[in-house]
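One structure is given here, and the rest of the page talks about it.
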Amino acid sequence: MPEFEAVVAATKENEISEPFKTQYGWHIVQVLGKREFDNTDELKRRHAAEEIRASKADEETELWMRRLRDEAYVELRV
């Protein structure tokens, strides 16, 4: 919402805004801190690569465990 974003941008850290109204009602904003958000394509690629790597590792672990079970020899004597 543009009104909300404008008030948040205008409010300094550790300050409380004056009450303001939007289509959803009345609001008061307290800004405790601000941080930068890196939303670059490089970051998105890095996250995608990490997810793919983790998925492949899970698949390989499952295949290794399945091979171990297949190769296991159990003799039951009654």
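Naming works like this for the structure tokens: A, B, ... for the chains as they're shown, residue 1 at the start of each chain, ligands 1 onward in shown order.
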Checklist line | Within 12 Å of stretch 33-50 of chain A using only C-alpha atoms, minus same-chain residues under 6 positions, as a count of residues only | finding: 10
Report task. Based on DSSP run over this structure's backbone, return all residues of stretch 2-46 of chain A in helix (DSSP H, G or I), as a list in words. Result -> Pro2, Glu3, Phe4, Glu5, Ala6, Val7, Val8, Ala9, Ala10, Asp41, Glu42, Leu43, Lys44, Arg45 and Arg46 of chain A
| request: Would you list the contacts of A:Glu5 as a PyMOL selection string, taking every protein, DNA or RNA residue within 12 Å and counting only C-alpha atoms, but skipping same-chain residues closer than 2 positions in sequence? | output: chain A and resi 1-3+7-11+20+22+27+29+31
With N, CA, C and O atoms retained, write the just-selected residues as a PDB file, in the first residue's frame.
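Saved the output as part.pdb:
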```
ATOM      1  N   MET A   1       0.841  -1.180   0.000  1.00  0.00           N
ATOM      2  CA  MET A   1       0.000   0.000   0.000  1.00  0.00           C
ATOM      3  C   MET A   1       0.886   1.243   0.000  1.00  0.00           C
ATOM      4  O   MET A   1       1.756   1.379   0.853  1.00  0.00           O
ATOM      5  N   PRO A   2       0.664   2.143  -0.919  1.00  0.00           N
ATOM      6  CA  PRO A   2       1.512   3.326  -1.034  1.00  0.00           C
ATOM      7  C   PRO A   2       1.503   4.212   0.217  1.00  0.00           C
ATOM      8  O   PRO A   2       2.539   4.738   0.625  1.00  0.00           O
ATOM      9  N   GLU A   3       0.337   4.365   0.840  1.00  0.00           N
ATOM     10  CA  GLU A   3       0.270   5.218   2.031  1.00  0.00           C
ATOM     11  C   GLU A   3       1.135   4.645   3.153  1.00  0.00           C
ATOM     12  O   GLU A   3       1.864   5.361   3.826  1.00  0.00           O
ATOM     13  N   VAL A   7       4.648   6.297   4.877  1.00  0.00           N
ATOM     14  CA  VAL A   7       4.805   6.587   6.305  1.00  0.00           C
ATOM     15  C   VAL A   7       6.011   5.840   6.863  1.00  0.00           C
ATOM     16  O   VAL A   7       6.799   6.398   7.632  1.00  0.00           O
ATOM     17  N   VAL A   8       6.184   4.585   6.482  1.00  0.00           N
ATOM     18  CA  VAL A   8       7.333   3.809   6.957  1.00  0.00           C
ATOM     19  C   VAL A   8       8.633   4.449   6.484  1.00  0.00           C
ATOM     20  O   VAL A   8       9.592   4.571   7.245  1.00  0.00           O
ATOM     21  N   ALA A   9       8.675   4.884   5.251  1.00  0.00           N
ATOM     22  CA  ALA A   9       9.889   5.511   4.712  1.00  0.00           C
ATOM     23  C   ALA A   9      10.187   6.835   5.413  1.00  0.00           C
ATOM     24  O   ALA A   9      11.351   7.183   5.620  1.00  0.00           O
ATOM     25  N   ALA A  10       9.156   7.569   5.801  1.00  0.00           N
ATOM     26  CA  ALA A  10       9.349   8.870   6.429  1.00  0.00           C
ATOM     27  C   ALA A  10       9.673   8.767   7.919  1.00  0.00           C
ATOM     28  O   ALA A  10      10.214   9.699   8.500  1.00  0.00           O
ATOM     29  N   THR A  11       9.350   7.637   8.536  1.00  0.00           N
ATOM     30  CA  THR A  11       9.589   7.460   9.967  1.00  0.00           C
ATOM     31  C   THR A  11      11.022   7.001  10.193  1.00  0.00           C
ATOM     32  O   THR A  11      11.489   6.064   9.558  1.00  0.00           O
ATOM     33  N   PHE A  20      -2.387   7.259  11.113  1.00  0.00           N
ATOM     34  CA  PHE A  20      -2.795   7.570   9.743  1.00  0.00           C
ATOM     35  C   PHE A  20      -3.809   6.539   9.288  1.00  0.00           C
ATOM     36  O   PHE A  20      -3.891   5.437   9.815  1.00  0.00           O
ATOM     37  N   THR A  22      -5.756   4.310   6.246  1.00  0.00           N
ATOM     38  CA  THR A  22      -5.742   3.721   4.905  1.00  0.00           C
ATOM     39  C   THR A  22      -7.115   3.113   4.668  1.00  0.00           C
ATOM     40  O   THR A  22      -7.998   3.210   5.520  1.00  0.00           O
ATOM     41  N   HIS A  27      -3.753   3.226  11.495  1.00  0.00           N
ATOM     42  CA  HIS A  27      -2.489   2.547  11.775  1.00  0.00           C
ATOM     43  C   HIS A  27      -1.548   3.475  12.530  1.00  0.00           C
ATOM     44  O   HIS A  27      -1.614   4.698  12.383  1.00  0.00           O
ATOM     45  N   VAL A  29       2.757   3.242  13.172  1.00  0.00           N
ATOM     46  CA  VAL A  29       3.945   2.473  12.806  1.00  0.00           C
ATOM     47  C   VAL A  29       5.084   2.824  13.744  1.00  0.00           C
ATOM     48  O   VAL A  29       5.337   3.996  14.006  1.00  0.00           O
ATOM     49  N   VAL A  31       9.132   2.102  13.861  1.00  0.00           N
ATOM     50  CA  VAL A  31      10.259   1.570  13.108  1.00  0.00           C
ATOM     51  C   VAL A  31      11.365   1.233  14.103  1.00  0.00           C
ATOM     52  O   VAL A  31      11.921   2.113  14.750  1.00  0.00           O
TER      53      VAL A  31
END
```
Return as a list in words the full set of residues in chain A whose backbone-based DSSP assignment is strand (DSSP E or B).
-> Glu15, Ile16, Phe20, Lys21, Thr22, Gly25, Trp26, His27, Gln30 and Val31 of chain A
Two-atom distance - atom CA of A:Arg53, atom CA of A:Ala72 (Å):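 Interatomic distance, atom CA of A:Arg53 to atom CA of A:Ala72: 28.5 Å.
Between atom CA of A:Thr61 and atom CA of A:Glu75 there is a distance of 26.0 Å.
Ranking A:Val78, A:Tyr73, A:Ala54, A:Phe4 by their shortest atom-to-atom distance to A:Ile28, with only C-alpha atoms included, puts A:Phe4 first.
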